[in-house]
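Novice: Structure file target.pdb (PDB, C-alpha atoms) is given on the next line.
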MODEL        1
ATOM      1  CA  MET A   1     -72.786  27.653 -14.305
ATOM      2  CA  SER A   2     -71.305  25.492 -17.006
ATOM      3  CA  THR A   3     -68.288  27.798 -17.230
ATOM      4  CA  LYS A   4     -67.437  27.270 -13.577
ATOM      5  CA  VAL A   5     -67.685  23.536 -13.953
ATOM      6  CA  HIS A   6     -65.335  23.723 -16.941
ATOM      7  CA  LYS A   7     -62.755  25.723 -14.965
ATOM      8  CA  VAL A   8     -62.775  23.253 -12.101
ATOM      9  CA  ALA A   9     -62.164  20.448 -14.569
ATOM     10  CA  MET A  10     -59.176  22.301 -16.025
ATOM     11  CA  ASP A  11     -57.728  22.858 -12.524
ATOM     12  CA  ASP A  12     -58.025  19.164 -11.759
ATOM     13  CA  SER A  13     -56.225  18.321 -14.989
ATOM     14  CA  SER A  14     -53.445  20.819 -14.264
ATOM     15  CA  THR A  15     -52.965  19.443 -10.766
ATOM     16  CA  HIS A  16     -52.727  15.937 -12.158
ATOM     17  CA  LEU A  17     -50.109  16.949 -14.741
ATOM     18  CA  THR A  18     -47.780  18.598 -12.186
ATOM     19  CA  SER A  19     -47.954  15.829  -9.586
ATOM     20  CA  PRO A  20     -44.525  14.578  -8.339
ATOM     21  CA  PRO A  21     -43.030  11.385  -9.855
ATOM     22  CA  SER A  22     -43.771   8.139  -8.097
ATOM     23  CA  LYS A  23     -41.307   6.713  -5.560
ATOM     24  CA  SER A  24     -40.785   3.577  -7.627
ATOM     25  CA  ARG A  25     -39.687   5.589 -10.664
ATOM     26  CA  SER A  26     -37.293   7.663  -8.529
ATOM     27  CA  GLY A  27     -35.818   4.518  -6.972
ATOM     28  CA  THR A  28     -35.267   2.930 -10.387
ATOM     29  CA  SER A  29     -33.455   6.054 -11.565
ATOM     30  CA  LYS A  30     -31.110   5.970  -8.562
ATOM     31  CA  TRP A  31     -30.280   2.294  -9.093
ATOM     32  CA  GLY A  32     -29.528   3.078 -12.725
ATOM     33  CA  ILE A  33     -27.066   5.766 -11.694
ATOM     34  CA  TYR A  34     -25.429   3.456  -9.123
ATOM     35  CA  SER A  35     -25.099   0.693 -11.704
ATOM     36  CA  LEU A  36     -23.544   3.075 -14.228
ATOM     37  CA  CYS A  37     -21.033   4.279 -11.621
ATOM     38  CA  LEU A  38     -20.077   0.697 -10.709
ATOM     39  CA  ILE A  39     -19.641  -0.293 -14.358
ATOM     40  CA  THR A  40     -17.505   2.801 -14.989
ATOM     41  CA  LEU A  41     -15.399   2.062 -11.904
ATOM     42  CA  TYR A  42     -14.923  -1.555 -12.991
ATOM     43  CA  PHE A  43     -13.638  -0.603 -16.447
ATOM     44  CA  LEU A  44     -11.438   2.149 -14.989
ATOM     45  CA  CYS A  45      -9.853  -0.276 -12.516
ATOM     46  CA  SER A  46      -9.416  -2.877 -15.263
ATOM     47  CA  PHE A  47      -7.606  -0.320 -17.422
ATOM     48  CA  LEU A  48      -5.366   0.879 -14.580
ATOM     49  CA  ASP A  49      -4.515  -2.737 -13.780
ATOM     50  CA  THR A  50      -3.068  -3.159 -17.275
ATOM     51  CA  ILE A  51      -0.689  -0.195 -16.916
ATOM     52  CA  LYS A  52       0.352  -0.433 -13.251
ATOM     53  CA  ASP A  53       3.754  -1.899 -14.216
ATOM     54  CA  ARG A  54       4.912   1.529 -15.423
ATOM     55  CA  TRP A  55       4.795   2.821 -11.824
ATOM     56  CA  TYR A  56       7.132   0.195 -10.326
ATOM     57  CA  ILE A  57      10.592   1.380  -9.288
ATOM     58  CA  LEU A  58      11.791  -1.817  -7.574
ATOM     59  CA  ASP A  59      12.907  -4.939  -9.420
ATOM     60  CA  THR A  60      12.326  -8.449  -8.073
ATOM     61  CA  THR A  61      15.576  -9.869  -9.472
ATOM     62  CA  GLU A  62      17.658  -7.009  -8.087
ATOM     63  CA  LEU A  63      16.025  -7.302  -4.655
ATOM     64  CA  HIS A  64      16.744 -11.023  -4.557
ATOM     65  CA  GLN A  65      20.384 -10.382  -5.433
ATOM     66  CA  LEU A  66      20.580  -7.611  -2.838
ATOM     67  CA  ALA A  67      19.209  -9.950  -0.157
ATOM     68  CA  GLN A  68      21.730 -12.651  -1.088
ATOM     69  CA  ASP A  69      24.592 -10.130  -1.027
ATOM     70  CA  ALA A  70      23.544  -8.978   2.450
ATOM     71  CA  ILE A  71      23.490 -12.576   3.716
ATOM     72  CA  GLY A  72      26.898 -13.293   2.194
ATOM     73  CA  LEU A  73      28.504 -10.178   3.658
ATOM     74  CA  HIS A  74      26.921 -10.388   7.127
ATOM     75  CA  PRO A  75      25.971 -14.003   7.900
ATOM     76  CA  GLY A  76      24.027 -14.303  11.149
ATOM     77  CA  ASP A  77      23.894 -10.527  11.726
ATOM     78  CA  THR A  78      20.387  -9.393  10.812
ATOM     79  CA  GLY A  79      20.988  -5.775  11.800
ATOM     80  CA  LYS A  80      23.939  -5.404   9.427
ATOM     81  CA  MET A  81      22.015  -7.185   6.652
ATOM     82  CA  ILE A  82      19.209  -4.644   6.962
ATOM     83  CA  SER A  83      21.656  -1.748   7.041
ATOM     84  CA  HIS A  84      23.342  -3.050   3.877
ATOM     85  CA  ILE A  85      19.988  -3.369   2.082
ATOM     86  CA  VAL A  86      18.715   0.081   3.092
ATOM     87  CA  THR A  87      22.027   1.801   2.287
ATOM     88  CA  ASN A  88      22.094   0.293  -1.204
ATOM     89  CA  LEU A  89      18.448   1.118  -1.901
ATOM     90  CA  THR A  90      18.934   4.704  -0.717
ATOM     91  CA  GLU A  91      21.937   5.105  -3.020
ATOM     92  CA  THR A  92      19.901   3.746  -5.938
ATOM     93  CA  HIS A  93      16.524   5.413  -5.382
ATOM     94  CA  GLY A  94      17.253   8.282  -2.998
ATOM     95  CA  SER A  95      15.723   9.090   0.368
ATOM     96  CA  LYS A  96      12.632  10.510  -1.350
ATOM     97  CA  HIS A  97      11.511   6.922  -2.044
ATOM     98  CA  ILE A  98      13.297   5.020   0.740
ATOM     99  CA  ASN A  99      12.646   5.405   4.471
ATOM    100  CA  PRO A 100      16.108   5.430   6.125
ATOM    101  CA  ARG A 101      14.798   5.322   9.745
ATOM    102  CA  GLN A 102      16.113   1.861  10.646
ATOM    103  CA  ASP A 103      14.894   2.143  14.245
ATOM    104  CA  GLU A 104      11.267   2.718  13.175
ATOM    105  CA  TRP A 105       9.852  -0.718  14.012
ATOM    106  CA  VAL A 106       6.214  -1.490  14.830
ATOM    107  CA  PHE A 107       4.410  -4.688  15.784
ATOM    108  CA  ASN A 108       2.176  -6.206  13.133
ATOM    109  CA  ASN A 109      -0.685  -8.686  13.634
ATOM    110  CA  ALA A 110      -2.283 -10.069  10.491
ATOM    111  CA  GLY A 111      -3.879 -13.381   9.609
ATOM    112  CA  GLY A 112      -3.169 -14.756  13.068
ATOM    113  CA  ALA A 113       0.584 -14.170  12.840
ATOM    114  CA  MET A 114       2.527 -11.634  14.898
ATOM    115  CA  GLY A 115       5.887 -10.052  14.273
ATOM    116  CA  ALA A 116       7.557  -6.680  13.878
ATOM    117  CA  MET A 117       8.109  -4.704  10.701
ATOM    118  CA  TYR A 118      10.155  -1.828   9.400
ATOM    119  CA  ILE A 119       8.633  -0.058   6.382
ATOM    120  CA  ILE A 120      11.378   0.717   3.853
ATOM    121  CA  HIS A 121       9.056   1.824   1.057
ATOM    122  CA  ALA A 122       5.294   2.281   0.758
ATOM    123  CA  SER A 123       3.376   3.618  -2.227
ATOM    124  CA  ILE A 124       0.103   2.893  -4.011
ATOM    125  CA  THR A 125       1.590   0.090  -6.130
ATOM    126  CA  GLU A 126       4.567  -1.192  -4.089
ATOM    127  CA  TYR A 127       5.728  -1.836  -0.564
ATOM    128  CA  LEU A 128       9.010  -3.115   0.812
ATOM    129  CA  ILE A 129       9.417  -4.042   4.470
ATOM    130  CA  ILE A 130      11.542  -6.079   6.827
ATOM    131  CA  PHE A 131       9.256  -8.456   8.708
ATOM    132  CA  GLY A 132      10.159 -11.010  11.322
ATOM    133  CA  THR A 133      10.296 -12.247  14.882
ATOM    134  CA  THR A 134      12.911 -13.787  17.175
ATOM    135  CA  ILE A 135      10.511 -16.390  18.645
ATOM    136  CA  GLY A 136       8.503 -17.683  15.678
ATOM    137  CA  THR A 137       4.925 -17.235  14.477
ATOM    138  CA  GLU A 138       2.459 -18.694  11.984
ATOM    139  CA  GLY A 139      -0.735 -17.721  10.216
ATOM    140  CA  HIS A 140      -2.734 -17.098   7.055
ATOM    141  CA  THR A 141      -1.061 -15.302   4.150
ATOM    142  CA  GLY A 142      -4.240 -13.506   3.112
ATOM    143  CA  ARG A 143      -5.624 -13.408  -0.422
ATOM    144  CA  HIS A 144      -4.337 -10.227  -2.023
ATOM    145  CA  THR A 145      -4.363  -8.062  -5.138
ATOM    146  CA  VAL A 146      -0.561  -8.178  -5.283
ATOM    147  CA  ASP A 147       2.325 -10.515  -6.021
ATOM    148  CA  ASN A 148       4.322 -11.047  -2.835
ATOM    149  CA  TYR A 149       8.044 -11.936  -2.659
ATOM    150  CA  PHE A 150       9.377 -13.098   0.731
ATOM    151  CA  HIS A 151      13.205 -13.043   0.717
ATOM    152  CA  ILE A 152      14.488 -15.000   3.714
ATOM    153  CA  LEU A 153      17.402 -13.292   5.481
ATOM    154  CA  GLU A 154      17.590 -15.363   8.657
ATOM    155  CA  GLY A 155      15.884 -18.560   9.841
ATOM    156  CA  GLU A 156      13.334 -20.526   7.849
ATOM    157  CA  GLN A 157       9.808 -20.082   6.577
ATOM    158  CA  TRP A 158       7.640 -23.177   6.335
ATOM    159  CA  VAL A 159       4.704 -23.217   3.929
ATOM    160  CA  TYR A 160       1.712 -25.518   3.464
ATOM    161  CA  ASP A 161      -0.046 -25.429   0.095
ATOM    162  CA  PRO A 162      -2.871 -28.015  -0.231
ATOM    163  CA  PRO A 163      -3.549 -30.523  -1.714
ATOM    164  CA  SER A 164       0.158 -31.308  -1.272
ATOM    165  CA  PHE A 165       1.070 -33.394   1.792
ATOM    166  CA  GLU A 166       4.617 -32.040   2.001
ATOM    167  CA  LYS A 167       6.003 -29.066   3.879
ATOM    168  CA  ILE A 168       7.818 -26.484   1.748
ATOM    169  CA  VAL A 169      10.905 -25.035   3.467
ATOM    170  CA  TYR A 170      12.478 -21.701   2.501
ATOM    171  CA  PRO A 171      15.988 -21.244   3.986
ATOM    172  CA  PRO A 172      18.111 -18.063   4.016
ATOM    173  CA  GLY A 173      18.821 -16.780   0.519
ATOM    174  CA  SER A 174      15.627 -18.241  -0.963
ATOM    175  CA  VAL A 175      12.459 -16.401  -1.939
ATOM    176  CA  HIS A 176       8.838 -17.474  -1.457
ATOM    177  CA  HIS A 177       6.697 -16.064  -4.270
ATOM    178  CA  LEU A 178       3.006 -15.837  -3.391
ATOM    179  CA  PRO A 179       1.137 -15.041  -6.629
ATOM    180  CA  ARG A 180      -1.767 -12.620  -6.690
ATOM    181  CA  GLY A 181      -5.020 -14.201  -5.510
ATOM    182  CA  ILE A 182      -3.347 -17.297  -4.006
ATOM    183  CA  VAL A 183      -3.566 -18.200  -0.308
ATOM    184  CA  ARG A 184      -1.300 -20.412   1.823
ATOM    185  CA  GLN A 185      -0.515 -21.238   5.428
ATOM    186  CA  TYR A 186       2.921 -20.198   6.617
ATOM    187  CA  LYS A 187       5.130 -20.487   9.663
ATOM    188  CA  MET A 188       8.255 -18.537  10.496
ATOM    189  CA  HIS A 189       9.999 -21.316  12.368
ATOM    190  CA  GLU A 190      11.643 -20.058  15.572
ATOM    191  CA  GLY A 191      13.564 -16.857  14.748
ATOM    192  CA  CYS A 192      13.071 -15.624  11.175
ATOM    193  CA  PHE A 193      13.447 -12.296   9.356
ATOM    194  CA  ALA A 194      12.711 -11.531   5.725
ATOM    195  CA  LEU A 195      12.784  -8.750   3.155
ATOM    196  CA  GLU A 196       9.169  -8.687   1.977
ATOM    197  CA  TYR A 197       8.234  -7.038  -1.318
ATOM    198  CA  SER A 198       4.730  -6.667  -2.775
ATOM    199  CA  ARG A 199       3.716  -5.149  -6.107
ATOM    200  CA  GLY A 200       0.135  -4.461  -7.163
ATOM    201  CA  TRP A 201      -2.661  -2.482  -5.509
ATOM    202  CA  ILE A 202      -1.361  -1.958  -1.979
ATOM    203  CA  PRO A 203      -4.370  -0.078  -0.461
ATOM    204  CA  PHE A 204      -6.536  -3.189  -0.914
ATOM    205  CA  MET A 205      -4.166  -5.060   1.430
ATOM    206  CA  LEU A 206      -4.641  -2.623   4.305
ATOM    207  CA  PRO A 207      -7.909  -4.081   5.701
ATOM    208  CA  PHE A 208      -6.138  -7.438   6.155
ATOM    209  CA  GLY A 209      -3.235  -5.688   7.853
ATOM    210  CA  PHE A 210      -5.466  -3.668  10.197
ATOM    211  CA  ALA A 211      -8.269  -6.140  11.006
ATOM    212  CA  ASP A 212      -6.567  -7.787  14.000
ATOM    213  CA  PHE A 213      -6.212  -4.413  15.712
ATOM    214  CA  PHE A 214     -10.001  -4.176  15.937
ATOM    215  CA  THR A 215     -10.952  -7.840  16.382
ATOM    216  CA  SER A 216      -8.134  -9.091  18.591
ATOM    217  CA  THR A 217      -5.327  -6.947  20.013
ATOM    218  CA  LEU A 218      -7.097  -3.568  20.466
ATOM    219  CA  ASP A 219      -3.579  -2.092  20.431
ATOM    220  CA  PHE A 220      -4.548   1.318  19.113
ATOM    221  CA  GLN A 221      -1.187   2.896  19.838
ATOM    222  CA  THR A 222       0.483   0.462  17.433
ATOM    223  CA  LEU A 223      -2.394   0.972  14.976
ATOM    224  CA  TRP A 224      -1.807   4.725  15.030
ATOM    225  CA  SER A 225       1.959   4.280  14.470
ATOM    226  CA  THR A 226       1.321   1.910  11.564
ATOM    227  CA  VAL A 227      -1.240   4.209   9.921
ATOM    228  CA  TRP A 228       0.972   7.261  10.413
ATOM    229  CA  ILE A 229       4.109   5.686   8.907
ATOM    230  CA  THR A 230       2.228   4.095   6.013
ATOM    231  CA  ALA A 231       0.343   7.307   5.157
ATOM    232  CA  ARG A 232       3.493   9.416   5.482
ATOM    233  CA  GLU A 233       5.454   7.206   3.093
ATOM    234  CA  MET A 234       2.617   6.891   0.564
ATOM    235  CA  LEU A 235       1.970  10.634   0.508
ATOM    236  CA  ARG A 236       5.677  11.426   0.237
ATOM    237  CA  ASN A 237       6.003   9.109  -2.753
ATOM    238  CA  LEU A 238       2.913  10.636  -4.356
ATOM    239  CA  PHE A 239       4.434  14.090  -3.845
ATOM    240  CA  TYR A 240       7.462  12.978  -5.867
ATOM    241  CA  GLY A 241       5.259  11.469  -8.585
ATOM    242  CA  LYS A 242       5.521   7.814  -7.497
ATOM    243  CA  ILE A 243       2.143   6.077  -7.613
TER     244      ILE A 243
ENDMDL
END
Kindly transcribe the structure held in the file into structure tokens.
Specialist:
Amino acid sequence: MSTKVHKVAMDDSSTHLTSPPSKSRSGTSKWGIYSLCLITLYFLCSFLDTIKDRWYILDTTELHQLAQDAIGLHPGDTGKMISHIVTNLTETHGSKHINPRQDEWVFNNAGGAMGAMYIIHASITEYLIIFGTTIGTEGHTGRHTVDNYFHILEGEQWVYDPPSFEKIVYPPGSVHHLPRGIVRQYKMHEGCFALEYSRGWIPFMLPFGFADFFTSTLDFQTLWSTVWITAREMLRNLFYGKI
């Protein structure tokens, strides 16, 4: 009789030892893994941010000079300015990095402003576009993970940067540099077109560029064209080793 009682006691002990872990312990383990992944991602991104300069192929000084040359050669003719810029960039960097389709324009709504753009180059760390409108627009620059250089080809861009009480005016031939992490209000007064260059982490800009499609315009045909062109250019540059 005592032997049977002893065996039952052993079975109870065995069952207790093999019982599954508590939910609280499992949850803590998962949060530990998530935290480790986030910390690893943070340090990886911090490291990549220190070496991103090695992947740039465009130069801010050269682009500014190219924009000024285009204005000097073709004053008042935006189409010929753009053709001059694209032709020179294609000769320098080749069609593998430059999109030569000068009729490939799409509308763009971002930060409350609306205009049209032609994507000349798009990669993970750089983009170069022509952006503008013939009737004027204004909006929010966005707060980005890039440095942005807005080379005015035609018209004027007006900028408000508080706490200043003065309007900043950028005429043709000038460049508006918007540093990484800085935000401003801008207006493209009446007709204005610019060569816009950004360097940094371009994918983080895309939500700002796409948000108005979902919250305002619902123009999904333009959204599809924008996504297709951007993805095509980024993937093509990646194929040729340009990050």
Novice: Please enumerate the residues selected by the PyMOL selection byres ((chain A and resi 100-107) around 10) when evaluated against the supplied file, formatted as a VMD selection string.
Specialist: chain A and resid 79 82 to 83 86 to 87 89 to 90 94 to 99 108 to 109 114 to 121 130 to 133 219 221 to 223 225 to 226 229
Novice: Could you list, as a JSON list (two decimals) with C-alpha atoms, in the coordinates of the input, every residue matched by the PyMOL selection byres ((chain A and resi 67) around 8) in this structure?
Specialist:
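Dumped everything to expr-v1.json:
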[["chain", "number", "residue", "atom", "x", "y", "z"],
["A", 63, "LEU", "CA", 16.02, -7.30, -4.66],
["A", 64, "HIS", "CA", 16.74, -11.02, -4.56],
["A", 65, "GLN", "CA", 20.38, -10.38, -5.43],
["A", 66, "LEU", "CA", 20.58, -7.61, -2.84],
["A", 68, "GLN", "CA", 21.73, -12.65, -1.09],
["A", 69, "ASP", "CA", 24.59, -10.13, -1.03],
["A", 70, "ALA", "CA", 23.54, -8.98, 2.45],
["A", 71, "ILE", "CA", 23.49, -12.58, 3.72],
["A", 81, "MET", "CA", 22.02, -7.18, 6.65],
["A", 85, "ILE", "CA", 19.99, -3.37, 2.08],
["A", 151, "HIS", "CA", 13.20, -13.04, 0.72],
["A", 152, "ILE", "CA", 14.49, -15.00, 3.71],
["A", 153, "LEU", "CA", 17.40, -13.29, 5.48],
["A", 173, "GLY", "CA", 18.82, -16.78, 0.52],
["A", 195, "LEU", "CA", 12.78, -8.75, 3.16]]
Novice: With only C-alpha atoms as the basis for distance, which of A:Asp49, A:Glu196, A:Glu166, A:Glu190 is at the shortest distance from A:Gly136?
Specialist: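 Among A:Asp49, A:Glu196, A:Glu166, A:Glu190, it is A:Glu190 that comes nearest to A:Gly136.
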Novice: A:Ser46, A:Gln157, A:Thr40, A:Asn237: which is nearest A:Gly191, counting all atoms listed in the file?
Specialist: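 The answer is A:Gln157, which sits nearest to A:Gly191.
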Novice: Record the distance separating atom CA of A:Leu178 and atom CA of A:Leu41, expressed in Å with one decimal.
Specialist: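 Interatomic distance, atom CA of A:Leu178 to atom CA of A:Leu41: 27.0 Å.
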Novice: Quick one, how far is atom CA of A:Asp147 from atom CA of A:Ser198?
Specialist: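 Distance between the two atoms: 5.6 Å.
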Novice: Using only C-alpha atoms, which of the listed residues (A:Ile182, A:Leu128, A:Pro75, A:Ser123) sits closest to A:His140?
Specialist: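 Going through A:Ile182, A:Leu128, A:Pro75, A:Ser123 one by one, the smallest distance to A:His140 is for A:Ile182.
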Novice: Can you tell me how far atom CA of A:Lys52 sits from atom CA of A:Thr141, in Å to one decimal?
Specialist: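 Interatomic distance here is 22.9 Å.
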Novice: Which one is closest to A:Ile129: A:Thr230, A:Asp77, A:Leu206, A:Pro162? Count only C-alpha atoms.
Specialist: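 That would be A:Thr230, the residue with the smallest distance to A:Ile129.
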Novice: Taking the file as shown, what set of residues would the PyMOL selection byres ((chain A and resi 205) around 9) give back, as a VMD selection string?
Specialist: chain A and resid 142 to 146 201 to 204 206 to 210
